[in-house]
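*Asks:* CSV, C-alpha atoms, saved as protein31.csv, coming up:
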chain,number,residue,atom,x,y,z
A,21,MET,CA,23.7,-24.5,56.8
A,22,THR,CA,23.8,-23.8,60.5
A,23,LYS,CA,22.4,-26.2,63.1
A,24,ARG,CA,19.6,-23.9,63.9
A,25,ALA,CA,18.8,-23.2,60.2
A,26,ALA,CA,18.8,-26.9,59.5
A,27,ALA,CA,16.6,-27.6,62.4
A,28,ASP,CA,14.2,-24.8,61.3
A,29,SER,CA,14.1,-26.4,57.9
A,30,VAL,CA,13.1,-29.7,59.4
A,31,ASN,CA,10.7,-28.1,61.7
A,32,GLU,CA,8.6,-26.8,58.8
A,33,GLU,CA,7.0,-30.2,58.9
A,34,GLY,CA,4.9,-29.2,61.9
A,35,ALA,CA,6.8,-29.3,65.2
A,36,SER,CA,4.5,-27.4,67.5
A,37,LYS,CA,7.2,-25.8,69.7
A,38,PRO,CA,11.0,-25.6,70.0
A,39,GLY,CA,12.6,-28.6,71.6
A,40,HIS,CA,16.0,-30.2,71.6
A,41,PRO,CA,18.1,-29.1,68.5
A,42,PHE,CA,18.5,-32.7,67.4
A,43,ALA,CA,14.8,-33.7,67.8
A,44,PRO,CA,13.8,-32.5,64.3
A,45,TYR,CA,16.1,-35.0,62.7
A,46,VAL,CA,14.6,-37.9,64.6
A,47,GLN,CA,11.2,-36.5,63.7
A,48,ALA,CA,12.0,-36.3,60.0
A,49,ILE,CA,13.0,-39.9,59.6
A,50,GLY,CA,10.7,-41.4,62.3
A,51,ARG,CA,7.2,-40.0,61.7
A,52,GLY,CA,5.8,-43.2,60.2
A,53,PRO,CA,5.3,-44.6,56.8
A,54,THR,CA,3.4,-41.6,55.4
A,55,LEU,CA,5.0,-38.6,57.1
A,56,SER,CA,8.6,-39.6,57.5
A,57,ARG,CA,11.1,-38.6,54.8
A,58,GLU,CA,14.7,-38.9,53.8
A,59,LEU,CA,17.2,-36.3,55.0
A,60,THR,CA,18.8,-33.9,52.5
A,61,GLU,CA,22.6,-34.1,52.3
A,62,ASP,CA,22.9,-30.8,54.3
A,63,GLU,CA,20.6,-32.1,57.0
A,64,ALA,CA,22.5,-35.4,57.1
A,65,THR,CA,25.8,-33.5,57.4
A,66,THR,CA,24.4,-31.4,60.2
A,67,ALA,CA,22.8,-34.2,62.1
A,68,MET,CA,25.9,-36.5,62.0
A,69,GLY,CA,28.0,-33.5,62.9
A,70,MET,CA,25.9,-33.1,66.1
A,71,ILE,CA,26.2,-36.8,66.8
A,72,LEU,CA,30.0,-36.8,66.4
A,73,ASP,CA,30.3,-33.7,68.6
A,74,GLY,CA,28.3,-35.4,71.4
A,75,GLN,CA,25.3,-33.0,71.0
A,76,ALA,CA,22.6,-35.6,70.7
A,77,GLU,CA,21.2,-37.2,73.8
A,78,PRO,CA,21.7,-41.0,74.0
A,79,ILE,CA,18.0,-41.8,73.5
A,80,GLN,CA,18.0,-39.6,70.4
A,81,LEU,CA,21.1,-41.2,69.1
A,82,GLY,CA,19.6,-44.7,69.5
A,83,ALA,CA,16.4,-43.8,67.9
A,84,PHE,CA,18.1,-42.0,65.0
A,85,LEU,CA,20.5,-44.8,64.2
A,86,MET,CA,18.0,-47.7,64.5
A,87,VAL,CA,15.3,-46.0,62.4
A,88,LEU,CA,17.9,-45.6,59.7
A,89,ARG,CA,19.1,-49.1,60.1
A,90,TYR,CA,15.6,-50.4,59.8
A,91,ARG,CA,14.6,-48.5,56.7
A,92,LYS,CA,18.1,-48.4,55.1
A,93,GLU,CA,20.1,-45.2,54.6
A,94,THR,CA,20.1,-43.4,51.2
A,95,ALA,CA,23.2,-42.5,49.3
A,96,ILE,CA,22.4,-38.9,49.9
A,97,GLU,CA,22.3,-39.4,53.6
A,98,LEU,CA,25.5,-41.5,53.6
A,99,ALA,CA,27.3,-38.8,51.7
A,100,GLY,CA,26.2,-36.2,54.3
A,101,PHE,CA,27.3,-38.4,57.1
A,102,ALA,CA,30.7,-39.0,55.5
A,103,ARG,CA,31.1,-35.3,54.9
A,104,ALA,CA,30.5,-34.6,58.6
A,105,ALA,CA,33.1,-37.2,59.6
A,106,ARG,CA,35.6,-35.6,57.1
A,107,GLU,CA,35.1,-32.2,58.7
A,108,ARG,CA,36.2,-33.6,62.0
A,109,PHE,CA,39.3,-35.5,61.1
A,110,VAL,CA,42.1,-34.9,63.6
A,111,GLY,CA,45.3,-33.7,61.8
A,112,ARG,CA,43.8,-33.5,58.3
A,113,VAL,CA,46.4,-33.6,55.6
A,114,ALA,CA,46.2,-32.6,51.9
A,115,ALA,CA,48.4,-35.5,50.6
A,116,HIS,CA,46.6,-38.5,49.1
A,117,ALA,CA,47.1,-42.2,48.5
A,118,ASP,CA,46.4,-44.0,45.2
A,119,LEU,CA,43.9,-46.4,46.7
A,120,ASP,CA,41.6,-46.1,49.7
A,121,TRP,CA,41.0,-49.4,51.5
A,122,PRO,CA,38.5,-49.4,54.4
A,123,SER,CA,38.6,-52.4,56.9
A,124,TYR,CA,35.7,-52.1,59.3
A,125,ALA,CA,34.6,-55.6,60.3
A,126,ASP,CA,34.7,-55.8,64.1
A,127,ARG,CA,35.8,-59.4,64.0
A,128,HIS,CA,36.9,-61.9,61.4
A,129,LYS,CA,35.5,-65.4,61.0
A,130,GLN,CA,38.2,-66.2,58.4
A,131,LEU,CA,41.8,-65.1,58.1
A,132,PRO,CA,42.1,-61.6,56.5
A,133,TYR,CA,43.9,-62.6,53.3
A,134,PHE,CA,43.0,-59.2,51.9
A,135,VAL,CA,45.9,-57.7,54.0
A,136,LEU,CA,48.3,-59.6,51.8
A,137,ALA,CA,46.6,-58.3,48.7
A,138,ALA,CA,47.0,-54.7,49.9
A,139,LEU,CA,50.7,-55.3,50.7
A,140,LEU,CA,51.2,-57.0,47.3
A,141,LEU,CA,49.9,-53.9,45.6
A,142,ALA,CA,52.1,-51.7,47.8
A,143,GLN,CA,55.2,-53.8,46.9
A,144,ASN,CA,54.3,-52.9,43.3
A,145,GLY,CA,54.1,-49.2,43.6
A,146,VAL,CA,50.5,-48.6,44.7
A,147,ARG,CA,50.1,-46.2,47.6
A,148,VAL,CA,47.5,-48.0,49.7
A,149,MET,CA,45.8,-46.3,52.6
A,150,MET,CA,44.0,-48.7,54.9
A,151,HIS,CA,41.9,-47.6,57.9
A,152,GLY,CA,39.6,-49.3,60.3
A,153,ILE,CA,38.7,-50.2,63.9
A,154,ALA,CA,40.5,-52.2,66.5
A,155,GLY,CA,37.8,-54.9,66.5
A,156,SER,CA,38.0,-58.1,68.6
A,157,GLY,CA,39.2,-61.6,68.1
A,158,ALA,CA,42.5,-63.3,67.3
A,159,ALA,CA,43.0,-62.1,63.7
A,160,THR,CA,41.9,-58.5,63.4
A,161,THR,CA,43.5,-56.3,60.8
A,162,PRO,CA,45.8,-54.5,63.4
A,163,LYS,CA,46.9,-57.8,64.9
A,164,VAL,CA,47.6,-59.3,61.5
A,165,LEU,CA,49.7,-56.3,60.6
A,166,THR,CA,51.7,-56.6,63.8
A,167,ALA,CA,52.3,-60.3,63.1
A,168,LEU,CA,53.5,-59.4,59.6
A,169,GLY,CA,55.9,-56.8,61.1
A,170,VAL,CA,54.1,-53.9,59.4
A,171,PRO,CA,54.1,-50.6,61.4
A,172,GLN,CA,50.8,-48.8,62.0
A,173,SER,CA,50.4,-45.1,62.0
A,174,ALA,CA,49.2,-43.0,65.0
A,175,THR,CA,48.2,-40.0,62.9
A,176,LEU,CA,47.2,-39.2,59.3
A,177,GLY,CA,50.5,-37.2,59.0
A,178,GLU,CA,52.4,-40.3,60.0
A,179,ALA,CA,50.4,-42.3,57.5
A,180,VAL,CA,51.6,-40.0,54.7
A,181,ARG,CA,55.2,-40.6,55.8
A,182,ARG,CA,54.6,-44.4,55.8
A,183,LEU,CA,53.2,-44.1,52.3
A,184,ASP,CA,56.4,-42.3,51.2
A,185,GLU,CA,58.5,-45.0,52.8
A,186,ALA,CA,56.6,-48.2,52.0
A,187,ASN,CA,53.5,-47.4,49.9
A,188,PHE,CA,51.3,-48.8,52.7
A,189,ALA,CA,49.8,-47.2,55.8
A,190,TYR,CA,47.2,-48.2,58.3
A,191,VAL,CA,45.5,-45.9,60.8
A,192,SER,CA,42.9,-46.8,63.4
A,193,LEU,CA,39.7,-44.7,63.2
A,194,SER,CA,40.2,-43.9,66.9
A,195,ASN,CA,43.3,-41.9,66.0
A,196,PHE,CA,41.8,-39.6,63.5
A,197,CYS,CA,38.0,-39.5,64.0
A,198,PRO,CA,37.3,-40.6,67.6
A,199,GLY,CA,33.6,-39.4,67.5
A,200,LEU,CA,32.9,-42.0,64.7
A,201,ASP,CA,34.9,-44.6,66.4
A,202,ARG,CA,32.7,-44.3,69.5
A,203,LEU,CA,29.6,-45.2,67.4
A,204,PHE,CA,31.1,-48.6,66.7
A,205,ALA,CA,31.2,-49.2,70.5
A,206,LEU,CA,27.4,-49.1,70.5
A,207,ARG,CA,26.9,-52.4,68.7
A,208,PRO,CA,26.7,-54.5,71.8
A,209,LEU,CA,24.0,-52.2,73.1
A,210,PHE,CA,22.0,-52.5,69.9
A,211,GLY,CA,22.8,-56.1,69.0
A,212,LEU,CA,23.0,-54.7,65.4
A,213,ARG,CA,25.3,-52.8,63.1
A,214,SER,CA,24.5,-49.1,62.7
A,215,PRO,CA,24.9,-46.6,59.9
A,216,ALA,CA,28.4,-46.1,61.2
A,217,ASN,CA,29.4,-49.4,59.7
A,218,THR,CA,28.1,-48.2,56.4
A,219,PHE,CA,29.3,-44.7,55.9
A,220,SER,CA,32.7,-45.3,57.6
A,221,ARG,CA,33.7,-47.0,54.3
A,222,GLU,CA,33.2,-43.7,52.5
A,223,ILE,CA,35.3,-41.4,54.5
A,224,ASN,CA,38.5,-41.8,52.4
A,225,PRO,CA,40.8,-39.9,54.8
A,226,LEU,CA,43.6,-39.3,52.4
A,227,ASN,CA,41.5,-38.4,49.4
A,228,ALA,CA,42.6,-41.3,47.3
A,229,PRO,CA,41.2,-41.1,43.7
A,230,CYS,CA,40.5,-44.9,43.7
A,231,GLN,CA,38.5,-46.9,46.3
A,232,VAL,CA,37.7,-50.6,47.0
A,233,GLN,CA,35.0,-51.6,49.4
A,234,GLY,CA,33.8,-55.0,50.7
A,235,ILE,CA,30.3,-55.2,52.1
A,236,PHE,CA,28.3,-57.8,53.8
A,237,HIS,CA,24.9,-57.1,52.3
A,238,PRO,CA,24.8,-57.1,48.4
A,239,THR,CA,21.7,-54.8,48.5
A,240,TYR,CA,24.1,-52.0,49.5
A,241,MET,CA,26.3,-52.3,46.4
A,242,GLU,CA,24.5,-49.7,44.3
A,243,THR,CA,24.1,-47.4,47.4
A,244,HIS,CA,27.8,-47.4,48.0
A,245,ILE,CA,28.7,-46.7,44.4
A,246,GLU,CA,26.2,-43.8,44.3
A,247,THR,CA,27.5,-42.4,47.6
A,248,ALA,CA,31.1,-42.5,46.3
A,249,ARG,CA,29.9,-40.6,43.2
A,250,LEU,CA,28.1,-38.0,45.3
A,251,LEU,CA,31.4,-37.5,47.3
A,252,GLY,CA,33.3,-36.8,44.1
A,253,GLY,CA,34.7,-40.3,43.6
A,254,ARG,CA,35.7,-41.3,40.0
A,255,ASP,CA,36.9,-44.9,40.3
A,256,ALA,CA,35.7,-47.5,42.8
A,257,ALA,CA,34.7,-51.1,43.2
A,258,VAL,CA,32.2,-52.6,45.6
A,259,PHE,CA,31.5,-56.3,46.1
A,260,LYS,CA,30.3,-58.7,48.7
A,261,GLY,CA,33.4,-59.7,50.6
A,262,GLY,CA,34.3,-62.2,53.3
A,263,GLY,CA,32.9,-60.8,56.6
A,264,GLY,CA,32.1,-57.5,54.9
A,265,GLU,CA,35.8,-56.9,54.1
A,266,VAL,CA,37.5,-56.3,50.8
A,267,GLN,CA,38.2,-60.0,50.3
A,268,ARG,CA,37.1,-61.9,47.2
A,269,ASN,CA,35.8,-65.4,47.5
A,270,PRO,CA,37.7,-67.2,44.7
A,271,GLU,CA,35.3,-70.2,44.8
A,272,LYS,CA,32.3,-68.2,43.4
A,273,PRO,CA,31.7,-65.7,40.6
A,274,CYS,CA,32.0,-62.2,42.1
A,275,ARG,CA,29.5,-59.5,41.3
A,276,VAL,CA,31.2,-56.1,41.3
A,277,ALA,CA,29.6,-52.7,41.2
A,278,ARG,CA,32.0,-50.3,39.5
A,279,LEU,CA,32.5,-46.5,39.2
A,280,THR,CA,34.8,-45.8,36.2
A,281,GLY,CA,35.5,-42.2,35.5
A,282,GLY,CA,32.4,-41.3,37.5
A,283,VAL,CA,30.1,-43.7,35.5
A,284,ALA,CA,28.4,-46.5,37.3
A,285,SER,CA,28.3,-50.1,35.9
A,286,GLU,CA,28.3,-53.7,37.0
A,287,GLU,CA,30.2,-56.8,36.0
A,288,THR,CA,30.7,-60.4,37.1
A,289,TRP,CA,34.2,-61.8,37.6
A,290,ASP,CA,34.7,-65.5,37.1
A,291,ALA,CA,35.5,-67.8,40.0
A,292,LEU,CA,39.2,-68.6,40.3
A,293,THR,CA,38.8,-72.0,42.0
A,294,PRO,CA,35.3,-73.1,41.0
A,295,GLU,CA,35.9,-76.8,41.8
A,296,GLN,CA,37.5,-76.1,45.2
A,297,ARG,CA,35.8,-75.8,48.6
A,298,TYR,CA,38.1,-74.5,51.3
A,299,PRO,CA,37.1,-74.6,55.0
A,300,TRP,CA,37.4,-70.9,55.5
A,301,ARG,CA,35.7,-70.7,58.8
A,302,ASP,CA,37.3,-73.9,60.2
A,303,GLU,CA,40.9,-72.8,59.7
A,304,PRO,CA,42.9,-71.6,62.7
A,305,LEU,CA,42.6,-67.8,63.1
A,306,ASP,CA,46.4,-67.5,63.5
A,307,PRO,CA,48.0,-64.4,62.0
A,308,ALA,CA,51.2,-66.4,61.7
A,309,ARG,CA,49.6,-68.4,58.9
A,310,LEU,CA,49.5,-65.3,56.8
A,311,LEU,CA,53.2,-64.6,57.2
A,312,ALA,CA,53.8,-68.2,56.3
A,313,LEU,CA,51.7,-67.9,53.2
A,314,TRP,CA,53.5,-64.7,52.1
A,315,ARG,CA,56.9,-66.4,52.6
A,316,GLY,CA,55.9,-69.5,50.8
A,317,GLU,CA,56.3,-71.6,53.9
A,318,TRP,CA,52.7,-72.7,53.6
A,319,SER,CA,50.7,-73.1,50.4
A,320,ALA,CA,47.0,-73.5,49.8
A,321,PRO,CA,45.4,-72.8,46.4
A,322,GLU,CA,42.2,-71.1,47.7
A,323,PRO,CA,43.8,-68.7,50.2
A,324,GLU,CA,46.4,-67.7,47.5
A,325,ALA,CA,43.5,-67.2,45.1
A,326,ALA,CA,41.8,-65.0,47.6
A,327,VAL,CA,44.9,-62.8,47.7
A,328,ILE,CA,45.3,-62.8,43.9
A,329,GLY,CA,41.6,-62.2,43.2
A,330,THR,CA,41.3,-59.4,45.7
A,331,ALA,CA,44.4,-57.7,44.3
A,332,ALA,CA,43.0,-58.1,40.8
A,333,ILE,CA,39.9,-56.1,41.5
A,334,ALA,CA,42.0,-53.3,42.9
A,335,LEU,CA,44.3,-53.4,39.8
A,336,ALA,CA,41.2,-53.0,37.6
A,337,VAL,CA,40.0,-50.0,39.6
A,338,LEU,CA,43.5,-48.5,39.3
A,339,LYS,CA,43.3,-49.1,35.5
A,340,ARG,CA,46.4,-51.3,35.4
A,341,ALA,CA,44.4,-53.9,33.6
A,342,ALA,CA,41.6,-53.5,31.0
A,343,THR,CA,39.5,-56.6,31.7
A,344,PRO,CA,38.8,-58.9,34.7
A,345,ALA,CA,40.8,-61.7,33.0
A,346,ALA,CA,43.8,-59.4,32.5
A,347,ALA,CA,43.6,-58.2,36.0
A,348,ASP,CA,43.5,-61.7,37.4
A,349,ALA,CA,46.5,-62.7,35.3
A,350,LEU,CA,48.5,-59.6,36.3
A,351,ALA,CA,47.7,-60.2,40.0
A,352,ALA,CA,48.8,-63.8,39.7
A,353,GLU,CA,52.1,-62.8,38.2
A,354,LEU,CA,52.7,-60.2,40.9
A,355,TRP,CA,52.0,-62.8,43.5
A,356,ARG,CA,54.5,-65.3,41.9
A,357,SER,CA,57.2,-62.6,41.6
A,358,ARG,CA,56.7,-61.0,45.0
A,359,SER,CA,59.6,-60.4,47.4
A,360,ARG,CA,58.9,-62.8,50.2
A,361,ASN,CA,61.1,-61.4,52.9
A,362,ALA,CA,59.4,-58.2,54.2
A,363,PRO,CA,55.8,-57.5,53.4
A,364,GLY,CA,54.8,-53.8,53.6
A,365,ARG,CA,58.4,-52.6,53.4
Please go through the file and, once you have read it, give me the structure as structure tokens.
*Replies:*
Amino acid sequence: MTKRAAADSVNEEGASKPGHPFAPYVQAIGRGPTLSRELTEDEATTAMGMILDGQAEPIQLGAFLMVLRYRKETAIELAGFARAARERFVGRVAAHADLDWPSYADRHKQLPYFVLAALLLAQNGVRVMMHGIAGSGAATTPKVLTALGVPQSATLGEAVRRLDEANFAYVSLSNFCPGLDRLFALRPLFGLRSPANTFSREINPLNAPCQVQGIFHPTYMETHIETARLLGGRDAAVFKGGGGEVQRNPEKPCRVARLTGGVASEETWDALTPEQRYPWRDEPLDPARLLALWRGEWSAPEPEAAVIGTAAIALAVLKRAATPAAADALAAELWRSRSRNAPGR
């Protein structure tokens, strides 16, 4: 659908005269409780495409994003937004990873132990594609990877080469979808997250058949699973993770929304350290601690359980374990037998 055709479709609701091409999309979602409506997937794709191409005025962009934030995006809209981003990837490649791993928290309030979980999987033959934003703070995902000595890729093509070499690749969003990356920079102006924080988790830049997602708001679990299904996903897991990242809290039962062979379900994973209470937010945000944990130079039951538990959910999605208990046991064995010298290599 062309931008004009899509705008004409929206304009059927009663716009009195032609205006800015993006105005009908703001109108569709913002006409109030009785007249506003959800966008179709084609409309969402066109609208987000205009945004990513810089064709929406700043005031329109703010109105559009905040109305969606207030009333919550639908899975159909998120699928359209993700398709628009995919159409604009710089240096798109056909090769795929085994597991897509989004990392889009703009800052971490606890150490990102999930990075070790991803590297543990890579060390055991899983091609893990991680992507995210630069973020701020002392222990962002890129800073942690640097501290661990894990190279980062400047392009999607380079990411494929890294997967061939080491089964793990990380690419910053700014390097392959700069239009979407710019939307993250708006958060200080809004004081809120925007739909960019939501649909970025769905873009799956290397077309991995399996996905894991950590979210901040549990009410989005079913929405993300349905979005993944609409985008052709077959196997995925979504759960509330530390800071909205793919990081399982081992101290509590973990509610996991699943997509298995395209069929949605939900399950609850047992707590791994139910009697423990680790001061997650009080620990030093020093990436060197993660390297020490990997090497066995520092040991703490709860952080190790966070690594193991996170890897276990991914192993279940990858169908390397049939039950949560079996996945937890397999992940624990992989952690015990890991090579401690060079994570990510």
*Asks:* What are the closest atom pairs, with distances in Å to one decimal, for all residues of segment 53-157 of chain A lying within 7 Å of segment 242-264 of chain A? Consider all atoms listed in the file, order rows by chain and residue number, and present the result as a Markdown table.
*Replies:*
| residue | atom | partner | partner_atom | distance |
| --- | --- | --- | --- | --- |
| A:Thr94 | CA | A:Thr243 | CA | 6.8 |
| A:Ala95 | CA | A:Thr247 | CA | 4.6 |
| A:Ile96 | CA | A:Thr247 | CA | 6.6 |
| A:Leu98 | CA | A:Thr247 | CA | 6.4 |
| A:Ala99 | CA | A:Thr247 | CA | 5.5 |
| A:Ala125 | CA | A:Gly264 | CA | 6.2 |
| A:His128 | CA | A:Gly263 | CA | 6.3 |
| A:Lys129 | CA | A:Gly263 | CA | 6.9 |
*Asks:* Considering all atoms listed in the file, state which residue in the set A:Arg112, A:Pro323, A:Ala64, A:Val87 is at the smallest distance from Arg301 of chain A.
*Replies:* A:Pro323
*Asks:* Show me a table, sorted first by chain and then by increasing residue number, of the residues of segment 220-288 of chain A having an atom at most 12 Å from segment 199-209 of chain A, each with its shortest atom pair and the distance in Å to one decimal, counting all atoms listed in the file and written as CSV.
*Replies:*
residue,atom,partner,partner_atom,distance
A:Ser220,CA,A:Leu200,CA,7.8
A:Arg221,CA,A:Leu200,CA,11.6
A:Ile223,CA,A:Leu200,CA,10.5
*Asks:* Please indicate the distance in Å from atom CA of Arg182 of chain A to atom CA of Arg340 of chain A, rounded to one decimal place.
*Replies:*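 So the two atoms, atom CA of Arg182 of chain A and atom CA of Arg340 of chain A, lie 23.0 Å apart.
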*Asks:* Between A:Ser173, A:Thr330, A:Gln143, A:Asn217, single out the one closest to Pro363 of chain A, counting all atoms listed in the file.
*Replies:*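 Selected residue with least distance to Pro363 of chain A: A:Gln143.
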*Asks:* Select, from A:Val135, A:Ala67, A:Ala347, A:Met149, the residue with the minimum atom-to-atom distance to Val327 of chain A, counting all atoms listed in the file.
*Replies:*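 Checking each candidate against Val327 of chain A, we get A:Val135 as the closest.
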*Asks:* At a cut-off of 12 Å, using all atoms listed in the file, what residues contact segment 308-316 of chain A? Leave out same-chain residues fewer than 6 positions from it and give the result as a ChimeraX atom specification.
*Replies:* /A:130-137,139-140,158-159,161,163-170,322-328,355-364
*Asks:* Can you pull out the residues contacting Pro122 of chain A? Cut-off 12 Å, using only C-alpha atoms, and skip same-chain residues under 6 positions away; I want them as an MDAnalysis selection string.
*Replies:* chainID A and resid 134:135 138 148:153 161 189:193 217:226 228 230:235 257:258 264:267
